[in-house]
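Trainee: Provided herewith: input12.cif, mmCIF, C-alpha atoms and all ligand atoms.
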data_target
#
loop_
_atom_site.label_atom_id
_atom_site.label_comp_id
_atom_site.auth_asym_id
_atom_site.auth_seq_id
_atom_site.Cartn_x
_atom_site.Cartn_y
_atom_site.Cartn_z
CA MET A 1 20.23 18.14 9.62
CA PRO A 2 23.26 16.20 8.36
CA PRO A 3 22.73 13.15 6.16
CA LEU A 4 22.01 9.95 8.05
CA HIS A 5 24.78 7.40 8.20
CA ARG A 6 24.16 3.69 7.71
CA ARG A 7 23.81 2.74 11.37
CA ASP A 8 21.33 5.56 11.96
CA TRP A 9 19.56 4.63 8.77
CA LEU A 10 19.12 1.09 10.00
CA LYS A 11 17.67 2.34 13.27
CA GLN A 12 15.35 4.75 11.49
CA SER A 13 14.39 2.19 8.92
CA ALA A 14 12.99 0.01 11.68
CA LEU A 15 10.39 2.73 12.19
CA ALA A 16 9.78 3.02 8.50
CA ALA A 17 9.65 -0.73 8.01
CA PHE A 18 6.85 -0.93 10.48
CA SER A 19 4.77 1.48 8.46
CA LEU A 20 5.46 -0.59 5.39
CA GLY A 21 3.73 -3.58 6.85
CA ILE A 22 6.62 -5.63 8.08
CA SER A 23 8.81 -4.91 11.06
CA LEU A 24 12.55 -5.32 11.11
CA LYS A 25 13.08 -4.31 14.72
CA PRO A 26 10.97 -3.58 17.79
CA ILE A 27 7.87 -1.72 16.79
CA ALA A 28 8.43 1.89 17.63
CA GLY A 29 6.42 4.10 15.34
CA GLU A 30 4.57 4.55 12.16
CA ASP A 31 6.51 7.14 10.24
CA TYR A 32 7.59 6.85 6.66
CA LEU A 33 11.23 6.68 5.65
CA PRO A 34 13.32 9.44 7.22
CA ARG A 35 14.46 12.38 5.17
CA ASN A 36 18.10 13.02 4.26
CA ILE A 37 19.16 9.44 3.81
CA GLU A 38 22.71 9.26 2.59
CA ALA A 39 22.35 6.96 -0.40
CA PRO A 40 25.65 5.17 -0.92
CA ALA A 41 26.53 4.52 -4.53
CA GLY A 42 24.76 1.48 -5.82
CA LEU A 43 22.21 1.19 -3.02
CA LEU A 44 19.31 -0.84 -4.39
CA ASN A 45 16.04 -0.05 -2.65
CA LEU A 46 13.67 -3.00 -2.86
CA GLY A 47 12.00 -2.17 0.42
CA ALA A 48 8.99 0.06 -0.23
CA ASN A 49 7.05 -1.45 -3.15
CA GLU A 50 7.56 1.62 -5.32
CA ASN A 51 7.13 1.64 -9.07
CA PRO A 52 10.66 1.52 -10.57
CA TYR A 53 9.37 2.72 -13.96
CA GLY A 54 8.61 6.19 -12.60
CA ILE A 55 5.68 8.51 -13.17
CA SER A 56 3.70 8.75 -16.37
CA PRO A 57 5.19 11.12 -18.98
CA MET A 58 1.80 12.84 -19.00
CA ALA A 59 2.03 13.42 -15.24
CA ARG A 60 5.55 14.74 -15.64
CA LYS A 61 4.39 17.25 -18.25
CA ALA A 62 1.43 18.27 -16.05
CA ILE A 63 3.82 19.09 -13.19
CA ILE A 64 5.97 21.24 -15.43
CA ASP A 65 2.90 22.97 -16.86
CA ILE A 66 1.48 23.82 -13.42
CA ILE A 67 4.74 24.83 -11.78
CA ASP A 68 4.25 28.53 -12.49
CA GLN A 69 1.08 28.41 -10.43
CA SER A 70 2.93 27.16 -7.36
CA ASN A 71 2.47 30.59 -5.79
CA ARG A 72 -1.30 29.98 -5.64
CA TYR A 73 -3.25 27.88 -3.17
CA SER A 74 -4.86 24.97 -4.97
CA PHE A 75 -8.35 26.44 -4.43
CA ASN A 76 -7.26 29.41 -6.55
CA VAL A 77 -6.15 27.34 -9.54
CA ALA A 78 -9.06 26.74 -11.85
CA SER A 79 -7.67 23.68 -13.60
CA LEU A 80 -7.32 21.77 -10.31
CA GLN A 81 -10.93 22.16 -9.23
CA SER A 82 -12.16 19.09 -11.07
CA PHE A 83 -9.79 16.64 -9.31
CA ARG A 84 -12.40 14.88 -7.20
CA LYS A 85 -14.84 14.84 -10.12
CA GLU A 86 -12.24 13.25 -12.38
CA ILE A 87 -11.50 10.50 -9.88
CA ALA A 88 -15.25 10.00 -9.49
CA ASP A 89 -15.79 9.80 -13.26
CA TYR A 90 -12.92 7.38 -13.68
CA TYR A 91 -14.35 5.01 -11.07
CA LYS A 92 -17.98 5.64 -12.10
CA VAL A 93 -19.11 7.03 -8.76
CA ASN A 94 -20.37 10.46 -7.68
CA GLU A 95 -18.05 13.23 -6.59
CA ASP A 96 -19.39 13.11 -3.03
CA GLN A 97 -18.37 9.43 -2.89
CA VAL A 98 -14.67 10.40 -3.11
CA LEU A 99 -12.48 11.76 -0.31
CA VAL A 100 -8.92 12.71 -1.20
CA THR A 101 -5.97 12.50 1.21
CA ALA A 102 -2.24 13.28 1.05
CA GLY A 103 -1.32 9.62 0.50
CA SER A 104 -3.58 6.76 1.53
CA GLY A 105 -1.51 6.19 4.66
CA GLU A 106 -2.85 9.48 6.03
CA GLY A 107 -6.37 8.24 5.47
CA LEU A 108 -5.55 4.97 7.26
CA LYS A 109 -4.33 6.84 10.34
CA LEU A 110 -7.41 9.07 10.43
CA LEU A 111 -9.73 6.10 9.98
CA ALA A 112 -8.11 4.33 12.95
CA ARG A 113 -8.88 7.39 15.05
CA HIS A 114 -12.39 7.84 13.70
CA PHE A 115 -13.37 4.22 14.33
CA SER A 116 -12.00 3.93 17.86
CA ASN A 117 -15.40 3.32 19.45
CA GLY A 118 -15.22 -0.45 18.95
CA ASN A 119 -12.71 -3.14 18.09
CA LEU A 120 -10.77 -3.52 14.85
CA VAL A 121 -10.77 -6.86 13.04
CA THR A 122 -7.88 -7.43 10.68
CA ALA A 123 -5.34 -10.03 9.56
CA THR A 124 -1.83 -10.76 10.76
CA PRO A 125 0.52 -10.00 9.19
CA THR A 126 -0.95 -7.05 7.32
CA PHE A 127 -0.05 -3.49 6.34
CA GLY A 128 0.84 -1.78 9.58
CA ILE A 129 -0.35 1.83 9.64
CA LEU A 130 -3.99 1.31 10.55
CA PRO A 131 -3.61 -1.47 13.16
CA SER A 132 -0.61 0.23 14.76
CA THR A 133 -2.48 3.54 15.09
CA ALA A 134 -5.44 1.67 16.54
CA LYS A 135 -3.23 -0.07 19.11
CA LYS A 136 -1.53 3.17 20.02
CA ILE A 137 -4.79 4.85 20.91
CA GLY A 138 -6.00 1.86 22.90
CA THR A 139 -8.38 0.22 20.44
CA GLU A 140 -8.71 -3.55 20.79
CA VAL A 141 -7.28 -5.15 17.64
CA ILE A 142 -8.42 -8.67 16.76
CA GLU A 143 -5.82 -10.17 14.43
CA ILE A 144 -6.70 -13.28 12.46
CA PRO A 145 -3.63 -15.11 11.10
CA LEU A 146 -3.36 -15.68 7.37
CA ASN A 147 -3.57 -19.36 6.42
CA GLU A 148 -0.56 -21.48 5.49
CA GLY A 149 -0.60 -20.12 1.94
CA LYS A 150 -0.59 -16.59 3.45
CA VAL A 151 -4.14 -15.87 2.30
CA HIS A 152 -6.83 -14.11 4.36
CA GLN A 153 -9.11 -16.50 6.24
CA LEU A 154 -12.33 -14.67 5.49
CA ASP A 155 -14.52 -17.22 7.28
CA LEU A 156 -12.61 -16.81 10.55
CA MET A 157 -12.52 -13.05 10.13
CA LEU A 158 -16.27 -12.95 9.61
CA LYS A 159 -16.83 -14.95 12.81
CA SER A 160 -14.77 -12.36 14.69
CA VAL A 161 -16.90 -9.43 13.53
CA THR A 162 -19.47 -8.68 16.23
CA ASP A 163 -21.61 -5.81 17.42
CA LYS A 164 -18.51 -4.63 19.27
CA THR A 165 -16.60 -4.19 16.01
CA ALA A 166 -16.23 -0.67 14.62
CA LEU A 167 -13.98 -1.39 11.66
CA VAL A 168 -12.71 -4.32 9.58
CA TYR A 169 -9.51 -3.80 7.56
CA ILE A 170 -8.46 -6.06 4.69
CA CYS A 171 -5.70 -5.44 2.16
CA ASN A 172 -6.50 -7.14 -1.11
CA PRO A 173 -3.96 -7.78 -2.59
CA ALA A 174 -2.36 -8.39 0.79
CA ASN A 175 0.77 -6.74 2.10
CA PRO A 176 3.37 -8.10 2.97
CA THR A 177 2.40 -11.47 1.46
CA ALA A 178 1.24 -10.46 -2.07
CA THR A 179 -1.70 -12.89 -2.08
CA ILE A 180 -5.32 -12.25 -3.08
CA VAL A 181 -8.77 -13.52 -2.27
CA SER A 182 -11.27 -13.96 -5.09
CA PRO A 183 -13.59 -11.02 -5.81
CA SER A 184 -16.65 -13.20 -5.23
CA SER A 185 -15.54 -14.38 -1.78
CA LEU A 186 -14.50 -10.87 -0.81
CA LYS A 187 -17.83 -9.50 -2.01
CA ASN A 188 -19.74 -12.00 0.13
CA PHE A 189 -17.53 -11.15 3.07
CA CYS A 190 -18.07 -7.39 2.63
CA ILE A 191 -21.83 -7.80 2.38
CA GLU A 192 -22.05 -9.92 5.53
CA ALA A 193 -19.47 -8.11 7.67
CA SER A 194 -20.78 -4.66 6.73
CA LYS A 195 -24.08 -5.51 8.42
CA LYS A 196 -22.20 -5.10 11.70
CA ALA A 197 -19.30 -2.72 11.05
CA VAL A 198 -17.60 -0.56 8.46
CA VAL A 199 -15.48 -2.74 6.17
CA LEU A 200 -12.41 -1.05 4.70
CA ILE A 201 -10.79 -2.72 1.69
CA ASP A 202 -7.31 -1.45 0.90
CA GLU A 203 -6.84 -1.79 -2.87
CA ALA A 204 -3.39 -0.17 -3.01
CA TYR A 205 -2.08 -2.91 -5.35
CA ILE A 206 -5.22 -3.87 -7.26
CA ASP A 207 -3.95 -2.38 -10.54
CA PHE A 208 -1.27 -5.05 -10.71
CA LEU A 209 -3.96 -7.71 -11.13
CA ASN A 210 -5.43 -9.00 -14.36
CA PRO A 211 -9.14 -9.66 -14.94
CA PRO A 212 -11.13 -11.16 -13.32
CA ASP A 213 -9.04 -10.81 -10.13
CA ASN A 214 -8.93 -7.02 -10.43
CA GLU A 215 -12.62 -6.50 -9.71
CA SER A 216 -12.86 -3.69 -7.17
CA MET A 217 -15.22 -3.62 -4.21
CA ILE A 218 -16.20 -0.11 -5.32
CA GLY A 219 -19.22 -1.69 -7.01
CA LEU A 220 -20.68 -2.46 -3.57
CA ILE A 221 -20.83 1.03 -2.12
CA ASP A 222 -24.26 2.05 -3.42
CA LYS A 223 -26.08 -0.89 -1.88
CA HIS A 224 -23.76 -1.39 1.08
CA PRO A 225 -22.94 1.98 2.62
CA ASN A 226 -20.65 0.43 5.24
CA VAL A 227 -18.17 -0.71 2.58
CA LEU A 228 -15.27 1.68 2.13
CA ILE A 229 -12.37 1.43 -0.33
CA THR A 230 -8.94 3.03 -0.10
CA ARG A 231 -6.67 3.62 -3.11
CA THR A 232 -3.34 5.27 -3.75
CA PHE A 233 -1.39 6.92 -6.56
CA SER A 234 1.82 5.59 -4.95
CA LYS A 235 1.99 2.20 -6.61
CA ILE A 236 0.97 1.58 -10.24
CA HIS A 237 0.93 5.35 -10.92
CA GLY A 238 4.54 5.57 -9.65
CA MET A 239 3.78 8.66 -7.56
CA ALA A 240 4.82 7.60 -4.03
CA GLY A 241 6.74 10.82 -3.45
CA LEU A 242 3.86 12.99 -4.62
CA ARG A 243 1.53 11.77 -1.82
CA VAL A 244 -1.97 11.29 -3.22
CA GLY A 245 -4.52 8.76 -2.03
CA PHE A 246 -8.30 8.63 -1.75
CA LEU A 247 -11.26 6.85 -0.24
CA ILE A 248 -14.34 5.78 -2.15
CA GLY A 249 -17.50 5.09 -0.20
CA ASP A 250 -20.93 6.20 0.88
CA ALA A 251 -21.39 9.98 0.60
CA LYS A 252 -22.85 10.36 4.10
CA LEU A 253 -20.05 8.32 5.66
CA LEU A 254 -17.38 10.34 3.83
CA ASP A 255 -19.08 13.59 4.83
CA LYS A 256 -18.97 12.48 8.45
CA LEU A 257 -15.28 11.58 8.15
CA ASP A 258 -14.54 14.94 6.56
CA LYS A 259 -16.34 16.85 9.30
CA GLN A 260 -14.48 14.97 12.04
CA TYR A 261 -10.88 13.84 11.65
CA PHE A 262 -10.31 14.47 7.96
CA GLN A 263 -11.26 18.17 7.63
CA ASN A 264 -10.44 18.97 4.02
CA THR A 265 -7.50 16.61 3.64
CA GLN A 266 -7.23 17.50 -0.06
CA PHE A 267 -5.79 20.87 0.95
CA ALA A 268 -2.65 19.07 2.20
CA ILE A 269 -1.83 17.97 -1.36
CA SER A 270 0.34 20.25 -3.49
CA ASN A 271 -0.80 21.72 -6.80
CA LEU A 272 1.93 19.73 -8.53
CA SER A 273 0.70 16.45 -7.08
CA ILE A 274 -2.93 17.12 -7.93
CA ALA A 275 -2.03 18.05 -11.51
CA ALA A 276 0.13 14.94 -11.83
CA ALA A 277 -2.60 12.67 -10.47
CA MET A 278 -5.19 14.11 -12.85
CA ALA A 279 -2.89 13.52 -15.81
CA SER A 280 -1.86 10.07 -14.63
CA LEU A 281 -5.47 8.92 -14.44
CA LYS A 282 -5.68 9.52 -18.20
CA ASP A 283 -2.54 7.51 -18.98
CA GLU A 284 -3.82 3.95 -19.19
CA GLU A 285 -0.78 3.02 -21.31
CA HIS A 286 1.64 3.86 -18.49
CA ARG A 287 -0.22 1.60 -16.08
CA LYS A 288 -0.37 -1.22 -18.62
CA SER A 289 3.31 -0.95 -19.33
CA SER A 290 4.23 -0.92 -15.60
CA ARG A 291 1.98 -3.92 -14.99
CA GLU A 292 3.50 -5.90 -17.85
CA LYS A 293 7.12 -5.09 -17.08
CA ASN A 294 6.52 -5.85 -13.40
CA ALA A 295 5.10 -9.25 -14.32
CA VAL A 296 8.21 -10.14 -16.34
CA ALA A 297 10.61 -9.17 -13.52
CA ARG A 298 8.35 -10.88 -10.98
CA ASP A 299 8.19 -14.16 -12.93
CA TYR A 300 11.95 -14.12 -13.28
CA THR A 301 12.43 -13.54 -9.52
CA PHE A 302 9.92 -16.26 -8.62
CA ARG A 303 11.62 -18.78 -10.93
CA GLU A 304 15.09 -18.03 -9.61
CA LEU A 305 14.15 -18.12 -5.92
CA THR A 306 12.21 -21.33 -6.45
CA GLN A 307 15.20 -22.88 -8.20
CA LEU A 308 17.26 -21.92 -5.18
CA LYS A 309 14.74 -24.02 -3.18
CA TYR A 310 13.15 -21.15 -1.31
CA LYS A 311 9.49 -21.41 -0.48
CA VAL A 312 8.05 -18.42 -2.35
CA ILE A 313 4.46 -17.28 -2.05
CA PRO A 314 3.14 -16.72 -5.61
CA SER A 315 2.84 -12.94 -5.97
CA TYR A 316 0.02 -10.95 -7.54
CA THR A 317 1.71 -7.62 -6.88
CA ASN A 318 4.98 -5.74 -7.24
CA PHE A 319 6.59 -7.49 -4.26
CA MET A 320 7.23 -11.06 -3.17
CA PHE A 321 7.23 -12.90 0.18
CA PHE A 322 9.58 -15.82 0.75
CA HIS A 323 10.57 -18.09 3.62
CA LEU A 324 14.05 -18.31 5.10
CA PRO A 325 13.74 -21.38 7.33
CA GLY A 326 16.28 -21.49 10.12
CA TYR A 327 17.87 -18.20 9.05
CA LYS A 328 20.26 -17.10 11.77
CA GLY A 329 20.25 -13.36 12.29
CA ASP A 330 18.37 -10.60 10.55
CA PHE A 331 18.19 -11.14 6.80
CA SER A 332 17.35 -7.52 5.98
CA ASP A 333 20.34 -6.26 7.99
CA ASP A 334 22.56 -8.75 6.15
CA MET A 335 21.23 -7.70 2.75
CA TYR A 336 21.69 -4.06 3.65
CA LYS A 337 25.37 -4.79 4.14
CA LYS A 338 25.30 -5.90 0.50
CA ASN A 339 23.67 -2.58 -0.47
CA ILE A 340 20.18 -4.00 -0.93
CA ILE A 341 17.22 -2.74 1.11
CA LEU A 342 14.37 -5.16 1.69
CA ARG A 343 12.21 -6.18 4.64
CA SER A 344 12.32 -9.26 6.80
CA ASP A 345 10.82 -10.38 10.05
CA SER A 346 10.35 -13.41 12.27
CA TYR A 347 6.90 -14.93 12.57
CA PRO A 348 5.63 -17.98 14.47
CA ASP A 349 6.54 -20.09 11.42
CA GLY A 350 10.01 -18.67 10.96
CA HIS A 351 11.87 -15.86 9.24
CA TRP A 352 10.30 -14.37 6.09
CA ALA A 353 11.45 -11.67 3.72
CA ARG A 354 9.60 -9.27 1.44
CA VAL A 355 11.37 -8.01 -1.64
CA SER A 356 9.90 -5.36 -3.93
CA ILE A 357 10.05 -6.09 -7.65
CA GLY A 358 12.43 -3.62 -9.24
CA LEU A 359 13.73 -3.40 -12.79
CA LYS A 360 14.72 -6.73 -14.34
CA GLY A 361 18.43 -5.86 -14.01
CA GLU A 362 17.92 -4.97 -10.35
CA MET A 363 16.28 -8.33 -9.72
CA GLU A 364 19.23 -10.02 -11.43
CA ARG A 365 21.49 -8.29 -8.92
CA PHE A 366 19.25 -9.39 -6.06
CA VAL A 367 19.21 -12.99 -7.34
CA ALA A 368 23.01 -12.97 -7.68
CA GLU A 369 23.26 -12.01 -3.99
CA MET A 370 20.79 -14.76 -3.08
CA LYS A 371 22.92 -17.26 -4.96
CA ALA A 372 25.96 -16.11 -3.02
CA ILE A 373 24.38 -16.85 0.37
C1 LIG A 401 -1.42 -1.88 1.47
C2 LIG A 401 -0.95 -0.47 1.50
N1 LIG A 401 -1.84 0.48 1.77
C3 LIG A 401 -1.48 1.77 1.82
C4 LIG A 401 -0.17 2.15 1.62
C5 LIG A 401 0.18 3.58 1.79
O1 LIG A 401 0.50 4.19 0.62
P1 LIG A 401 0.55 5.76 0.46
O2 LIG A 401 0.46 6.38 1.83
O3 LIG A 401 1.84 6.02 -0.20
O4 LIG A 401 -0.64 6.10 -0.37
C6 LIG A 401 0.80 1.19 1.33
C7 LIG A 401 2.21 1.57 1.13
O5 LIG A 401 3.11 0.80 1.01
C8 LIG A 401 0.39 -0.16 1.29
O6 LIG A 401 1.27 -1.14 1.07
#
Kindly return the structure encoded in the file as structure tokens.
Mentor:
Amino acid sequence: MPPLHRRDWLKQSALAAFSLGISLKPIAGEDYLPRNIEAPAGLLNLGANENPYGISPMARKAIIDIIDQSNRYSFNVASLQSFRKEIADYYKVNEDQVLVTAGSGEGLKLLARHFSNGNLVTATPTFGILPSTAKKIGTEVIEIPLNEGKVHQLDLMLKSVTDKTALVYICNPANPTATIVSPSSLKNFCIEASKKAVVLIDEAYIDFLNPPDNESMIGLIDKHPNVLITRTFSKIHGMAGLRVGFLIGDAKLLDKLDKQYFQNTQFAISNLSIAAAMASLKDEEHRKSSREKNAVARDYTFRELTQLKYKVIPSYTNFMFFHLPGYKGDFSDDMYKKNIILRSDSYPDGHWARVSIGLKGEMERFVAEMKAI
């Protein structure tokens, strides 16, 4: 297949954008970014909330060390057998409370299929994969708007959870808006809502938070077996291209998922990715450094956009959501012409954009383009 040219890329990126939680163009699919993108010199990708600092040096070494065992299936490589156990130990749960998938997005799709016997309650806007899969297969999706500050309205969401609800999906921190709800209010919500349905908390970005905001809902799973947590190695671990995610929840629930739609999802992950994830878990320093550098670049971006009089939603993550009142046209298309990829969409309250936080120098380039508008 020849490399994609810009026009085609834009078309394709509409599909990808949808999967990334914000749609540029008519919703058409849920795939990730297409392969074989022709990257013009200087293209700055601030569209997918990746970690610009890369993978941990320990993960890099683990990949190189395991590469000679690429001829073996993962079940034949002794050193990879403890993967689930190591995740479990790290999060202080049992091995049978962990289910590994090739990226958390895969898990989200399978969950939408598994829980299609009732409605889905979620927010709007939110990360797209799960609700879009649910809609595609005919599940009723009840979407509760975020409030004016772009925060989940947990009280309204709770009222919408009924005996007809199969699944509740909340991203905390939220995508595309980068806001959070407090751990105590989320805990109360999980406890109440999980009396009626399975409550899935997507903690893809939780490692960007500082205490006490970074308290996970994992602590609930023993007493509340309907609470399920999804995590990914794509964000703070900087391993988006290696495709590793996992669910943490009640052992019986995970066993049921595995026997139905999941069916040994860990087998879809390469030896290299498993080895990298195991090593990355041990590299606390890499996560700390990514978190700190992200905060510096994020503060800078927030300050600059605010000075330019944009309404910016304070971000707790590695991306930022800002308002473009009265913007004529499609902001992301216009920025792409300036060699910057980001996401934008129109909502009932106007046009909004989501920019990922890149390296400080990259954000300076983004800010310079914003100043030139
Ligand atoms: C909230 C959220 N959940 C899940 C994912 C999926 O991540 P992955 O499939 O790379 O694990 C993303 C990716 O952007 C995300 O933003």
Trainee: Near region 46-56 of chain A, counting all atoms listed in the file, which residues have an atom at most 10 Å away, once you skip same-chain residues fewer than 5 positions from it, shown as a PDB file with C-alpha atoms, in the coordinates of the input?
Mentor:
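Final output, saved to out-v8.pdb:
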ATOM      1  CA  SER A  13      14.390   2.190   8.920  1.00  0.00           C
ATOM      2  CA  ALA A  16       9.780   3.020   8.500  1.00  0.00           C
ATOM      3  CA  ALA A  17       9.650  -0.730   8.010  1.00  0.00           C
ATOM      4  CA  SER A  19       4.770   1.480   8.460  1.00  0.00           C
ATOM      5  CA  LEU A  20       5.460  -0.590   5.390  1.00  0.00           C
ATOM      6  CA  GLY A  21       3.730  -3.580   6.850  1.00  0.00           C
ATOM      7  CA  ILE A  22       6.620  -5.630   8.080  1.00  0.00           C
ATOM      8  CA  TYR A  32       7.590   6.850   6.660  1.00  0.00           C
ATOM      9  CA  LEU A  33      11.230   6.680   5.650  1.00  0.00           C
ATOM     10  CA  LYS A  61       4.390  17.250 -18.250  1.00  0.00           C
ATOM     11  CA  ALA A  62       1.430  18.270 -16.050  1.00  0.00           C
ATOM     12  CA  ASN A 175       0.770  -6.740   2.100  1.00  0.00           C
ATOM     13  CA  PRO A 176       3.370  -8.100   2.970  1.00  0.00           C
ATOM     14  CA  TYR A 205      -2.080  -2.910  -5.350  1.00  0.00           C
ATOM     15  CA  PHE A 233      -1.390   6.920  -6.560  1.00  0.00           C
ATOM     16  CA  SER A 234       1.820   5.590  -4.950  1.00  0.00           C
ATOM     17  CA  LYS A 235       1.990   2.200  -6.610  1.00  0.00           C
ATOM     18  CA  ILE A 236       0.970   1.580 -10.240  1.00  0.00           C
ATOM     19  CA  HIS A 237       0.930   5.350 -10.920  1.00  0.00           C
ATOM     20  CA  GLY A 238       4.540   5.570  -9.650  1.00  0.00           C
ATOM     21  CA  MET A 239       3.780   8.660  -7.560  1.00  0.00           C
ATOM     22  CA  ALA A 240       4.820   7.600  -4.030  1.00  0.00           C
ATOM     23  CA  GLY A 241       6.740  10.820  -3.450  1.00  0.00           C
ATOM     24  CA  LEU A 242       3.860  12.990  -4.620  1.00  0.00           C
ATOM     25  CA  ALA A 276       0.130  14.940 -11.830  1.00  0.00           C
ATOM     26  CA  ALA A 277      -2.600  12.670 -10.470  1.00  0.00           C
ATOM     27  CA  ALA A 279      -2.890  13.520 -15.810  1.00  0.00           C
ATOM     28  CA  SER A 280      -1.860  10.070 -14.630  1.00  0.00           C
ATOM     29  CA  LEU A 281      -5.470   8.920 -14.440  1.00  0.00           C
ATOM     30  CA  LYS A 282      -5.680   9.520 -18.200  1.00  0.00           C
ATOM     31  CA  ASP A 283      -2.540   7.510 -18.980  1.00  0.00           C
ATOM     32  CA  GLU A 284      -3.820   3.950 -19.190  1.00  0.00           C
ATOM     33  CA  GLU A 285      -0.780   3.020 -21.310  1.00  0.00           C
ATOM     34  CA  HIS A 286       1.640   3.860 -18.490  1.00  0.00           C
ATOM     35  CA  ARG A 287      -0.220   1.600 -16.080  1.00  0.00           C
ATOM     36  CA  SER A 289       3.310  -0.950 -19.330  1.00  0.00           C
ATOM     37  CA  SER A 290       4.230  -0.920 -15.600  1.00  0.00           C
ATOM     38  CA  ARG A 291       1.980  -3.920 -14.990  1.00  0.00           C
ATOM     39  CA  LYS A 293       7.120  -5.090 -17.080  1.00  0.00           C
ATOM     40  CA  ASN A 294       6.520  -5.850 -13.400  1.00  0.00           C
ATOM     41  CA  THR A 317       1.710  -7.620  -6.880  1.00  0.00           C
ATOM     42  CA  ASN A 318       4.980  -5.740  -7.240  1.00  0.00           C
ATOM     43  CA  PHE A 319       6.590  -7.490  -4.260  1.00  0.00           C
ATOM     44  CA  MET A 320       7.230 -11.060  -3.170  1.00  0.00           C
ATOM     45  CA  SER A 332      17.350  -7.520   5.980  1.00  0.00           C
ATOM     46  CA  ILE A 340      20.180  -4.000  -0.930  1.00  0.00           C
ATOM     47  CA  ILE A 341      17.220  -2.740   1.110  1.00  0.00           C
ATOM     48  CA  LEU A 342      14.370  -5.160   1.690  1.00  0.00           C
ATOM     49  CA  ARG A 343      12.210  -6.180   4.640  1.00  0.00           C
ATOM     50  CA  SER A 344      12.320  -9.260   6.800  1.00  0.00           C
ATOM     51  CA  ARG A 354       9.600  -9.270   1.440  1.00  0.00           C
ATOM     52  CA  VAL A 355      11.370  -8.010  -1.640  1.00  0.00           C
ATOM     53  CA  SER A 356       9.900  -5.360  -3.930  1.00  0.00           C
ATOM     54  CA  ILE A 357      10.050  -6.090  -7.650  1.00  0.00           C
ATOM     55  CA  GLY A 358      12.430  -3.620  -9.240  1.00  0.00           C
ATOM     56  CA  LEU A 359      13.730  -3.400 -12.790  1.00  0.00           C
ATOM     57  CA  LYS A 360      14.720  -6.730 -14.340  1.00  0.00           C
ATOM     58  CA  GLU A 362      17.920  -4.970 -10.350  1.00  0.00           C
ATOM     59  CA  MET A 363      16.280  -8.330  -9.720  1.00  0.00           C
ATOM     60  CA  PHE A 366      19.250  -9.390  -6.060  1.00  0.00           C
TER      61      PHE A 366
END
Trainee: I want to know what sits within 9 Å of Leu108 (chain A), based on all atoms listed in the file, with residues of the same chain fewer than 5 positions away left out; could you give that as a VMD selection string?
Mentor: chain A and resid 113 129 to 131 133 230
Trainee: If we count all atoms listed in the file, what is near region 78-84 of chain A at a cut-off of 7 Å, once residues fewer than 4 positions away on the same chain are taken out, given as an NGL selection string?
Mentor: :A and (74 or 88 or 95 or 98 or 274-275 or 278)
Trainee: For each of A:Ala178, A:Leu209, A:Ile66, A:Ala59, take the minimum atom-to-atom distance to ligand LIG 401 (chain A), counting only C-alpha atoms and all ligand atoms, then give the residue where this is smallest.
Mentor: A:Ala178
Trainee: With distances taken over all atoms listed in the file, which residue among A:Asp68, A:Glu304, A:Asp202, A:Asp213 lies nearest ligand LIG 401 (chain A)?
Mentor: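 Smallest separation from ligand LIG 401 (chain A) among the options: A:Asp202.
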Trainee: May I have the residues within 9 Å of region 90-94 of chain A as a list of chain:residue names, using only C-alpha atoms and disregarding those fewer than 4 positions away in the same chain?
Mentor: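 Using only C-alpha atoms, the neighbours found are A:Lys85, A:Glu86, A:Val98, A:Ile218, A:Gly219, A:Asp222, A:Ile248, A:Gly249, A:Ala251, A:Leu281, A:Lys282.
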Trainee: Which residues, written as a PDB file with C-alpha atoms, in the frame of the given file, have at least one atom at most 9 Å from Ile142 (chain A), with all atoms listed in the file counted and residues fewer than 6 positions away on the same chain left out?
Mentor:
ATOM      1  CA  ASN A 119     -12.710  -3.140  18.090  1.00  0.00           C
ATOM      2  CA  LEU A 120     -10.770  -3.520  14.850  1.00  0.00           C
ATOM      3  CA  VAL A 121     -10.770  -6.860  13.040  1.00  0.00           C
ATOM      4  CA  THR A 122      -7.880  -7.430  10.680  1.00  0.00           C
ATOM      5  CA  ALA A 123      -5.340 -10.030   9.560  1.00  0.00           C
ATOM      6  CA  MET A 157     -12.520 -13.050  10.130  1.00  0.00           C
ATOM      7  CA  SER A 160     -14.770 -12.360  14.690  1.00  0.00           C
TER       8      SER A 160
END
Trainee: Nearest to Leu253 (chain A) among A:Ser70, A:Gln97, A:Ser132, A:Thr165, with distances taken over only C-alpha atoms: which residue is it?
Mentor: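 Counting only C-alpha atoms, the residue closest to Leu253 (chain A) is A:Gln97.
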Trainee: Pick the closest to Ile87 (chain A) from A:Asp349, A:Arg231, A:Lys150, A:Pro314: which is it, counting all atoms listed in the file?
Mentor: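 Closest to Ile87 (chain A), using all atoms listed in the file: A:Arg231.
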Trainee: From the options A:Ala197, A:Met370, A:Ala353, A:Ala102, which residue's atoms come nearest to Leu167 (chain A), counting only C-alpha atoms?
Mentor: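 Of A:Ala197, A:Met370, A:Ala353, A:Ala102, the one nearest Leu167 (chain A) is A:Ala197, counting only C-alpha atoms.
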Trainee: Enter the distance from CA of Leu146 (chain A) to CA of Phe321 (chain A), in Å, rounded to one decimal.
Mentor: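 Value for the CA of Leu146 (chain A)-CA of Phe321 (chain A) distance: 13.1 Å.
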Trainee: Just checking: using all atoms listed in the file, which residue out of A:Val296, A:Ser273, A:Gly245, A:Lys309 ends up closest to Ile64 (chain A)?
Mentor: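 Under the stated criterion, the closest residue is A:Ser273.
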Trainee: Please measure the separation of CA of Gly329 (chain A) and atom C1 of ligand LIG 401 (chain A), giving the value in Å to one decimal.
Mentor: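 Computing it gives 26.8 Å between the two atoms.
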